[in-house]
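Visitor: My structure is stored as coords_2.cif, with mmCIF, C-alpha atoms, pLDDT in the B column; chains and numbers go by the auth columns.
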data_data
loop_
_atom_site.group_PDB
_atom_site.id
_atom_site.type_symbol
_atom_site.label_atom_id
_atom_site.label_comp_id
_atom_site.label_asym_id
_atom_site.label_seq_id
_atom_site.Cartn_x
_atom_site.Cartn_y
_atom_site.Cartn_z
_atom_site.B_iso_or_equiv
_atom_site.auth_seq_id
_atom_site.auth_asym_id
ATOM 1 C CA MET A 1 20.644 28.887 29.732 95.00 1 A
ATOM 2 C CA LYS A 2 22.804 31.422 31.540 97.00 2 A
ATOM 3 C CA ILE A 3 26.567 31.696 31.293 98.00 3 A
ATOM 4 C CA THR A 4 28.524 33.838 33.703 98.00 4 A
ATOM 5 C CA VAL A 5 32.173 34.728 33.308 98.00 5 A
ATOM 6 C CA ILE A 6 33.815 35.844 36.543 98.00 6 A
ATOM 7 C CA ALA A 7 37.243 37.349 36.025 97.00 7 A
ATOM 8 C CA VAL A 8 39.715 39.124 38.271 96.00 8 A
ATOM 9 C CA GLY A 9 40.631 42.655 37.192 94.00 9 A
ATOM 10 C CA LYS A 10 39.423 45.232 34.710 93.00 10 A
ATOM 11 C CA ILE A 11 39.875 45.280 30.956 93.00 11 A
ATOM 12 C CA LYS A 12 42.261 48.149 30.253 90.00 12 A
ATOM 13 C CA GLU A 13 42.824 47.981 26.495 94.00 13 A
ATOM 14 C CA SER A 14 40.020 49.144 24.211 96.00 14 A
ATOM 15 C CA PHE A 15 40.721 46.429 21.615 96.00 15 A
ATOM 16 C CA PHE A 16 40.048 43.724 24.220 96.00 16 A
ATOM 17 C CA ARG A 17 36.826 45.507 25.257 96.00 17 A
ATOM 18 C CA GLU A 18 35.739 45.677 21.615 97.00 18 A
ATOM 19 C CA ALA A 19 36.358 41.949 21.097 97.00 19 A
ATOM 20 C CA ILE A 20 34.528 41.081 24.333 97.00 20 A
ATOM 21 C CA ASN A 21 31.583 43.257 23.269 97.00 21 A
ATOM 22 C CA GLU A 22 31.502 41.598 19.836 97.00 22 A
ATOM 23 C CA TYR A 23 31.400 38.050 21.224 97.00 23 A
ATOM 24 C CA SER A 24 28.893 39.096 23.889 97.00 24 A
ATOM 25 C CA LYS A 25 26.644 40.420 21.127 97.00 25 A
ATOM 26 C CA ARG A 26 27.027 37.218 19.095 96.00 26 A
ATOM 27 C CA LEU A 27 26.285 35.066 22.130 97.00 27 A
ATOM 28 C CA SER A 28 23.118 37.002 22.993 97.00 28 A
ATOM 29 C CA ARG A 29 21.096 35.005 20.466 96.00 29 A
ATOM 30 C CA TYR A 30 21.982 31.738 22.225 96.00 30 A
ATOM 31 C CA VAL A 31 22.376 32.435 25.907 96.00 31 A
ATOM 32 C CA LYS A 32 22.003 34.981 28.665 97.00 32 A
ATOM 33 C CA LEU A 33 25.577 36.136 29.308 98.00 33 A
ATOM 34 C CA GLU A 34 26.864 38.000 32.329 98.00 34 A
ATOM 35 C CA ILE A 35 30.458 39.118 32.747 97.00 35 A
ATOM 36 C CA ILE A 36 31.518 39.993 36.278 98.00 36 A
ATOM 37 C CA ALA A 37 34.873 41.629 36.981 97.00 37 A
ATOM 38 C CA VAL A 38 36.011 41.404 40.589 97.00 38 A
ATOM 39 C CA PRO A 39 38.750 43.746 41.824 96.00 39 A
ATOM 40 C CA ASP A 40 42.312 42.486 41.764 94.00 40 A
ATOM 41 C CA GLU A 41 44.892 43.041 44.462 92.00 41 A
ATOM 42 C CA MET A 42 48.172 44.807 43.845 91.00 42 A
ATOM 43 C CA THR A 43 51.109 42.443 44.191 91.00 43 A
ATOM 44 C CA PRO A 44 54.198 44.137 45.614 89.00 44 A
ATOM 45 C CA ASP A 45 57.538 43.361 43.994 91.00 45 A
ATOM 46 C CA GLY A 46 59.272 40.481 45.756 92.00 46 A
ATOM 47 C CA ALA A 47 56.078 39.427 47.543 91.00 47 A
ATOM 48 C CA SER A 48 56.544 36.550 49.984 93.00 48 A
ATOM 49 C CA GLU A 49 54.593 33.295 49.658 93.00 49 A
ATOM 50 C CA ASN A 50 52.381 34.418 52.571 95.00 50 A
ATOM 51 C CA VAL A 51 51.560 37.712 50.834 95.00 51 A
ATOM 52 C CA ILE A 52 50.810 35.876 47.584 94.00 52 A
ATOM 53 C CA LEU A 53 48.536 33.421 49.403 96.00 53 A
ATOM 54 C CA ASP A 54 46.755 36.322 51.119 96.00 54 A
ATOM 55 C CA ILE A 55 46.202 38.058 47.756 96.00 55 A
ATOM 56 C CA LYS A 56 44.856 34.853 46.187 96.00 56 A
ATOM 57 C CA LYS A 57 42.561 34.361 49.198 97.00 57 A
ATOM 58 C CA LYS A 58 41.116 37.890 48.921 97.00 58 A
ATOM 59 C CA GLU A 59 40.538 37.526 45.183 97.00 59 A
ATOM 60 C CA GLY A 60 39.147 34.019 45.736 97.00 60 A
ATOM 61 C CA ASP A 61 36.656 35.257 48.334 98.00 61 A
ATOM 62 C CA ARG A 62 35.435 37.875 45.857 98.00 62 A
ATOM 63 C CA ILE A 63 35.006 35.206 43.195 98.00 63 A
ATOM 64 C CA LEU A 64 33.210 32.785 45.496 98.00 64 A
ATOM 65 C CA SER A 65 30.790 35.506 46.614 98.00 65 A
ATOM 66 C CA LYS A 66 29.549 35.737 42.997 98.00 66 A
ATOM 67 C CA ILE A 67 28.961 31.982 42.542 98.00 67 A
ATOM 68 C CA LYS A 68 25.552 30.530 43.368 96.00 68 A
ATOM 69 C CA ASP A 69 25.084 27.084 44.915 95.00 69 A
ATOM 70 C CA THR A 70 23.248 25.948 41.770 95.00 70 A
ATOM 71 C CA ASP A 71 25.985 27.077 39.338 97.00 71 A
ATOM 72 C CA THR A 72 28.070 24.554 37.449 98.00 72 A
ATOM 73 C CA VAL A 73 31.564 25.981 37.883 98.00 73 A
ATOM 74 C CA CYS A 74 34.385 25.723 35.372 98.00 74 A
ATOM 75 C CA THR A 75 37.738 27.165 36.434 98.00 75 A
ATOM 76 C CA LEU A 76 40.429 28.031 33.921 97.00 76 A
ATOM 77 C CA GLU A 77 43.702 26.561 35.160 94.00 77 A
ATOM 78 C CA ILE A 78 46.969 25.651 33.457 90.00 78 A
ATOM 79 C CA GLU A 79 46.796 22.250 35.178 92.00 79 A
ATOM 80 C CA GLY A 80 43.200 21.682 34.068 95.00 80 A
ATOM 81 C CA LYS A 81 41.816 19.321 31.464 97.00 81 A
ATOM 82 C CA LYS A 82 42.361 20.188 27.811 97.00 82 A
ATOM 83 C CA LEU A 83 39.217 19.887 25.694 97.00 83 A
ATOM 84 C CA SER A 84 38.632 20.294 21.995 96.00 84 A
ATOM 85 C CA SER A 85 36.018 22.807 20.861 95.00 85 A
ATOM 86 C CA GLU A 86 33.659 19.893 20.227 95.00 86 A
ATOM 87 C CA GLU A 87 34.240 18.536 23.736 97.00 87 A
ATOM 88 C CA LEU A 88 33.572 21.940 25.295 97.00 88 A
ATOM 89 C CA SER A 89 30.341 22.231 23.296 97.00 89 A
ATOM 90 C CA SER A 90 29.362 18.750 24.488 97.00 90 A
ATOM 91 C CA PHE A 91 30.014 19.796 28.112 97.00 91 A
ATOM 92 C CA ILE A 92 27.804 22.876 27.694 97.00 92 A
ATOM 93 C CA GLU A 93 25.072 20.900 25.920 96.00 93 A
ATOM 94 C CA THR A 94 25.141 18.162 28.572 96.00 94 A
ATOM 95 C CA CYS A 95 24.753 20.781 31.299 96.00 95 A
ATOM 96 C CA ALA A 96 21.748 22.252 29.505 93.00 96 A
ATOM 97 C CA ASN A 97 20.161 18.840 28.905 93.00 97 A
ATOM 98 C CA THR A 98 20.578 17.720 32.515 92.00 98 A
ATOM 99 C CA GLY A 99 18.974 20.786 34.091 90.00 99 A
ATOM 100 C CA LYS A 100 22.211 22.568 34.930 93.00 100 A
ATOM 101 C CA SER A 101 21.098 25.801 33.325 90.00 101 A
ATOM 102 C CA SER A 102 23.736 28.083 34.809 96.00 102 A
ATOM 103 C CA ILE A 103 27.432 27.659 34.009 98.00 103 A
ATOM 104 C CA CYS A 104 30.007 29.903 35.614 98.00 104 A
ATOM 105 C CA PHE A 105 33.463 30.179 34.031 98.00 105 A
ATOM 106 C CA VAL A 106 36.165 31.579 36.332 98.00 106 A
ATOM 107 C CA ILE A 107 39.382 33.332 35.266 97.00 107 A
ATOM 108 C CA GLY A 108 41.771 34.097 38.110 94.00 108 A
ATOM 109 C CA GLY A 109 44.176 36.951 38.566 91.00 109 A
ATOM 110 C CA SER A 110 47.837 37.107 37.631 89.00 110 A
ATOM 111 C CA LEU A 111 48.753 34.861 40.567 92.00 111 A
ATOM 112 C CA GLY A 112 46.154 32.234 39.712 92.00 112 A
ATOM 113 C CA LEU A 113 43.198 30.930 41.690 96.00 113 A
ATOM 114 C CA HIS A 114 42.980 30.223 45.391 97.00 114 A
ATOM 115 C CA SER A 115 42.554 26.540 46.250 96.00 115 A
ATOM 116 C CA GLU A 116 39.044 27.177 47.653 97.00 116 A
ATOM 117 C CA VAL A 117 37.883 28.385 44.236 98.00 117 A
ATOM 118 C CA CYS A 118 39.425 25.320 42.580 97.00 118 A
ATOM 119 C CA LYS A 119 37.677 23.038 45.084 98.00 119 A
ATOM 120 C CA ARG A 120 34.310 24.552 44.082 98.00 120 A
ATOM 121 C CA ALA A 121 34.868 23.709 40.395 98.00 121 A
ATOM 122 C CA ASP A 122 32.968 20.990 38.573 97.00 122 A
ATOM 123 C CA LEU A 123 35.436 21.209 35.678 97.00 123 A
ATOM 124 C CA HIS A 124 39.053 22.377 35.708 98.00 124 A
ATOM 125 C CA LEU A 125 39.720 23.554 32.165 97.00 125 A
ATOM 126 C CA SER A 126 43.027 24.371 30.489 96.00 126 A
ATOM 127 C CA PHE A 127 43.281 26.098 27.139 94.00 127 A
ATOM 128 C CA SER A 128 47.041 25.526 26.890 92.00 128 A
ATOM 129 C CA ASP A 129 50.235 24.888 28.802 89.00 129 A
ATOM 130 C CA MET A 130 51.132 28.448 27.881 88.00 130 A
ATOM 131 C CA THR A 131 50.258 31.461 30.005 85.00 131 A
ATOM 132 C CA PHE A 132 48.016 34.102 28.428 87.00 132 A
ATOM 133 C CA PRO A 133 47.271 37.630 29.606 87.00 133 A
ATOM 134 C CA HIS A 134 44.104 37.500 31.677 84.00 134 A
ATOM 135 C CA GLN A 135 42.454 40.146 29.527 89.00 135 A
ATOM 136 C CA LEU A 136 43.107 38.124 26.371 94.00 136 A
ATOM 137 C CA MET A 137 41.838 34.974 28.067 95.00 137 A
ATOM 138 C CA ARG A 138 38.389 36.557 28.364 96.00 138 A
ATOM 139 C CA VAL A 139 38.305 37.032 24.598 97.00 139 A
ATOM 140 C CA ILE A 140 39.513 33.475 23.935 97.00 140 A
ATOM 141 C CA LEU A 141 36.972 32.029 26.368 98.00 141 A
ATOM 142 C CA LEU A 142 34.058 33.971 24.874 98.00 142 A
ATOM 143 C CA GLU A 143 35.082 32.944 21.366 97.00 143 A
ATOM 144 C CA GLN A 144 35.132 29.287 22.400 97.00 144 A
ATOM 145 C CA ILE A 145 31.746 29.568 24.104 98.00 145 A
ATOM 146 C CA TYR A 146 30.376 31.176 20.934 97.00 146 A
ATOM 147 C CA ARG A 147 31.949 28.405 18.829 96.00 147 A
ATOM 148 C CA SER A 148 30.349 25.858 21.176 97.00 148 A
ATOM 149 C CA PHE A 149 26.885 27.244 20.533 97.00 149 A
ATOM 150 C CA LYS A 150 27.498 27.220 16.779 96.00 150 A
ATOM 151 C CA ILE A 151 28.484 23.534 17.071 96.00 151 A
ATOM 152 C CA ILE A 152 25.495 22.696 19.310 96.00 152 A
ATOM 153 C CA ASN A 153 23.125 24.330 16.811 95.00 153 A
ATOM 154 C CA HIS A 154 24.822 22.697 13.772 94.00 154 A
ATOM 155 C CA GLU A 155 25.598 26.107 12.321 94.00 155 A
ATOM 156 C CA PRO A 156 28.630 26.842 10.149 90.00 156 A
ATOM 157 C CA TYR A 157 31.600 28.624 11.673 80.00 157 A
ATOM 158 C CA HIS A 158 35.084 29.115 10.304 66.00 158 A
ATOM 159 C CA LYS A 159 37.713 26.622 11.350 60.00 159 A
#
Render the structure in this file as C-alpha coordinates.

Guide:
Amino acid sequence: MKITVIAVGKIKESFFREAINEYSKRLSRYVKLEIIAVPDEMTPDGASENVILDIKKKEGDRILSKIKDTDTVCTLEIEGKKLSSEELSSFIETCANTGKSSICFVIGGSLGLHSEVCKRADLHLSFSDMTFPHQLMRVILLEQIYRSFKIINHEPYHK
(Lines of atoms letter the chains of each structure in order from A and count residues from 1; the text may use other names and numbers.)
(Lines give C-alpha, C1' and ligand atoms only; values in the text may rest on other atoms or scores of the structure.)
Protein backbone atom coordinates (compact mmCIF):
# COMPACT_ATOMS: atom_id res chain seq x y z
CA MET A 1 0.00 0.00 0.00
CA LYS A 2 1.10 3.56 -0.70
CA ILE A 3 0.12 6.61 1.31
CA THR A 4 0.78 10.09 0.01
CA VAL A 5 0.43 13.24 2.06
CA ILE A 6 0.06 16.38 -0.05
CA ALA A 7 0.38 19.56 1.96
CA VAL A 8 0.57 23.24 1.07
CA GLY A 9 3.72 25.02 2.24
CA LYS A 10 7.09 24.10 3.68
CA ILE A 11 7.92 22.93 7.18
CA LYS A 12 9.88 25.77 8.77
CA GLU A 13 10.48 24.60 12.34
CA SER A 14 13.07 21.88 12.92
CA PHE A 15 11.02 20.23 15.69
CA PHE A 16 8.15 19.62 13.25
CA ARG A 17 10.61 18.20 10.69
CA GLU A 18 12.05 15.89 13.34
CA ALA A 19 8.59 14.60 14.32
CA ILE A 20 7.62 14.10 10.66
CA ASN A 21 10.87 12.20 10.04
CA GLU A 22 10.26 10.02 13.11
CA TYR A 23 6.74 9.01 12.06
CA SER A 24 7.87 8.54 8.46
CA LYS A 25 10.54 6.13 9.71
CA ARG A 26 8.02 4.25 11.87
CA LEU A 27 5.56 4.01 8.99
CA SER A 28 8.19 2.62 6.59
CA ARG A 29 7.71 -0.90 7.95
CA TYR A 30 4.01 -0.83 7.04
CA VAL A 31 3.58 1.31 3.96
CA LYS A 32 5.32 3.22 1.22
CA LEU A 33 4.97 6.86 2.30
CA GLU A 34 5.46 9.93 0.17
CA ILE A 35 5.13 13.48 1.46
CA ILE A 36 4.67 16.16 -1.17
CA ALA A 37 4.82 19.85 -0.28
CA VAL A 38 3.32 22.17 -2.87
CA PRO A 39 4.19 25.88 -2.78
CA ASP A 40 1.84 28.19 -0.94
CA GLU A 41 0.78 31.63 -2.09
CA MET A 42 1.41 34.76 -0.08
CA THR A 43 -1.82 36.28 1.17
CA PRO A 44 -1.71 40.08 1.31
CA ASP A 45 -3.15 41.77 4.38
CA GLY A 46 -6.80 42.69 3.84
CA ALA A 47 -7.10 40.41 0.81
CA SER A 48 -10.48 40.58 -0.93
CA GLU A 49 -12.67 37.50 -1.39
CA ASN A 50 -11.63 37.40 -5.06
CA VAL A 51 -7.93 37.40 -4.14
CA ILE A 52 -8.52 34.68 -1.54
CA LEU A 53 -10.42 32.56 -4.08
CA ASP A 54 -7.61 33.06 -6.61
CA ILE A 55 -5.00 31.95 -4.04
CA LYS A 56 -7.05 28.86 -3.12
CA LYS A 57 -7.46 28.05 -6.83
CA LYS A 58 -3.70 28.26 -7.50
CA GLU A 59 -2.89 26.09 -4.48
CA GLY A 60 -5.73 23.72 -5.42
CA ASP A 61 -4.41 23.31 -8.97
CA ARG A 62 -0.99 22.40 -7.54
CA ILE A 63 -2.60 19.83 -5.26
CA LEU A 64 -4.75 18.31 -7.99
CA SER A 65 -1.73 17.97 -10.29
CA LYS A 66 -0.19 15.56 -7.74
CA ILE A 67 -3.27 13.32 -7.40
CA LYS A 68 -3.62 10.30 -9.67
CA ASP A 69 -6.97 9.11 -11.04
CA THR A 70 -6.58 5.85 -9.10
CA ASP A 71 -5.89 7.53 -5.73
CA THR A 72 -8.41 7.36 -2.92
CA VAL A 73 -8.43 10.96 -1.71
CA CYS A 74 -9.00 12.09 1.86
CA THR A 75 -9.11 15.84 2.45
CA LEU A 76 -8.62 17.34 5.89
CA GLU A 77 -11.39 19.87 6.47
CA ILE A 78 -12.90 21.42 9.59
CA GLU A 79 -16.35 20.56 8.20
CA GLY A 80 -15.36 16.96 7.48
CA LYS A 81 -16.36 13.77 9.24
CA LYS A 82 -14.85 13.07 12.64
CA LEU A 83 -13.51 9.52 13.00
CA SER A 84 -12.01 7.69 15.93
CA SER A 85 -8.55 6.17 15.52
CA GLU A 86 -10.22 2.78 15.11
CA GLU A 87 -12.53 4.13 12.40
CA LEU A 88 -9.61 5.67 10.51
CA SER A 89 -7.74 2.36 10.69
CA SER A 90 -10.85 0.59 9.39
CA PHE A 91 -11.04 3.06 6.47
CA ILE A 92 -7.39 2.40 5.59
CA GLU A 93 -7.79 -1.37 5.95
CA THR A 94 -10.96 -1.37 3.82
CA CYS A 95 -9.14 0.55 1.09
CA ALA A 96 -6.33 -2.00 1.13
CA ASN A 97 -8.72 -4.96 1.10
CA THR A 98 -10.78 -3.60 -1.79
CA GLY A 99 -7.85 -2.95 -4.13
CA LYS A 100 -7.56 0.76 -3.41
CA SER A 101 -3.85 0.55 -2.74
CA SER A 102 -3.06 4.26 -2.91
CA ILE A 103 -4.52 6.73 -0.41
CA CYS A 104 -3.77 10.42 -0.71
CA PHE A 105 -4.31 12.67 2.32
CA VAL A 106 -4.55 16.39 1.52
CA ILE A 107 -3.80 19.28 3.89
CA GLY A 108 -4.64 22.71 2.51
CA GLY A 109 -3.00 26.04 3.09
CA SER A 110 -3.88 28.68 5.66
CA LEU A 111 -6.97 29.69 3.67
CA GLY A 112 -8.24 26.13 3.32
CA LEU A 113 -8.90 24.01 0.25
CA HIS A 114 -10.39 25.07 -3.05
CA SER A 115 -13.80 23.53 -3.78
CA GLU A 116 -12.37 21.55 -6.73
CA VAL A 117 -10.02 19.71 -4.37
CA CYS A 118 -12.90 18.97 -2.00
CA LYS A 119 -15.00 17.64 -4.89
CA ARG A 120 -12.22 15.14 -5.73
CA ALA A 121 -12.25 13.71 -2.18
CA ASP A 122 -13.60 10.28 -1.34
CA LEU A 123 -13.52 11.17 2.37
CA HIS A 124 -13.71 14.59 4.01
CA LEU A 125 -11.99 14.15 7.36
CA SER A 126 -11.96 16.47 10.37
CA PHE A 127 -9.65 16.02 13.32
CA SER A 128 -11.39 18.71 15.37
CA ASP A 129 -13.55 21.81 15.28
CA MET A 130 -10.40 23.65 16.30
CA THR A 131 -7.91 25.09 13.84
CA PHE A 132 -4.35 23.74 13.98
CA PRO A 133 -1.20 25.12 12.38
CA HIS A 134 -0.75 23.36 9.05
CA GLN A 135 2.75 22.26 9.98
CA LEU A 136 1.49 20.62 13.18
CA MET A 137 -1.35 18.98 11.27
CA ARG A 138 1.19 16.98 9.26
CA VAL A 139 2.60 15.56 12.49
CA ILE A 140 -0.87 14.76 13.86
CA LEU A 141 -1.92 13.11 10.60
CA LEU A 142 1.22 10.95 10.39
CA GLU A 143 0.82 9.89 14.01
CA GLN A 144 -2.77 8.82 13.35
CA ILE A 145 -1.78 6.91 10.22
CA TYR A 146 0.94 5.17 12.23
CA ARG A 147 -1.58 4.40 15.00
CA SER A 148 -3.92 3.01 12.33
CA PHE A 149 -1.32 0.53 11.15
CA LYS A 150 -0.61 -0.54 14.73
CA ILE A 151 -4.36 -1.17 15.17
CA ILE A 152 -4.65 -3.01 11.82
CA ASN A 153 -1.73 -5.27 12.77
CA HIS A 154 -3.03 -5.84 16.34
CA GLU A 155 0.16 -4.38 17.78
CA PRO A 156 0.33 -2.53 21.09
CA TYR A 157 0.54 1.25 21.08
CA HIS A 158 0.13 3.70 23.92
CA LYS A 159 -3.29 5.21 24.42

Visitor: Take the PyMOL selection byres ((chain A and resi 12) around 12), run it mentally on this structure, and tell me the resulting residues as a PyMOL selection string.

Guide: chain A and resi 9-11+13-18+37+133-136

Visitor: For each of A:Asp45, A:Glu155, A:Asp129, A:Asp122, take the minimum atom-to-atom distance to A:Thr70, counting all atoms listed in the file, then give the residue where this is smallest.

Guide: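 Nearest candidate to A:Thr70 out of A:Asp45, A:Glu155, A:Asp129, A:Asp122: A:Asp122.
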
Visitor: Within 10 Å of (36.2, 22.9, 26.5) (coordinates as in the file), grab all the protein and nucleic acid residues, counting only C-alpha atoms, and write them out as a list in words.

Guide: Cys74, Leu76, Lys81, Lys82, Leu83, Ser84, Ser85, Glu86, Glu87, Leu88, Ser89, Ser90, Phe91, Ile92, Leu123, His124, Leu125, Ser126, Phe127, Leu141, Gln144, Ile145 and Ser148 of chain A

Visitor: For each of A:Met42, A:Ala96, A:Ile36, A:Met137, take the minimum atom-to-atom distance to A:Lys66, counting all atoms listed in the file, then give the residue where this is smallest.

Guide: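 Closest to A:Lys66, using all atoms listed in the file: A:Ile36.
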
Visitor: When distances are computed from only C-alpha atoms, which of A:Val139, A:Ile78, A:Met1, A:Ile107 shows the smallest separation from A:Ile20?

Guide: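 Closest residue, counting only C-alpha atoms: A:Val139.
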
Visitor: Using all atoms listed in the file for the distances, tell me which of A:Leu27, A:Gly108, A:Ser102, A:Lys150 is nearest to A:Lys68.

Guide: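 Closest candidate: A:Ser102.
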
Visitor: At what distance in Å, to one decimal, does atom CA of A:Leu53 lie from atom CA of A:Leu111?

Guide: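 These atoms are spaced 9.0 Å apart.
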
Visitor: Please report the interatomic distance between atom CA of A:Lys100 and atom CA of A:Thr72 in Å with one decimal.

Guide: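 For atom CA of A:Lys100 relative to atom CA of A:Thr72, the distance reads 6.7 Å.
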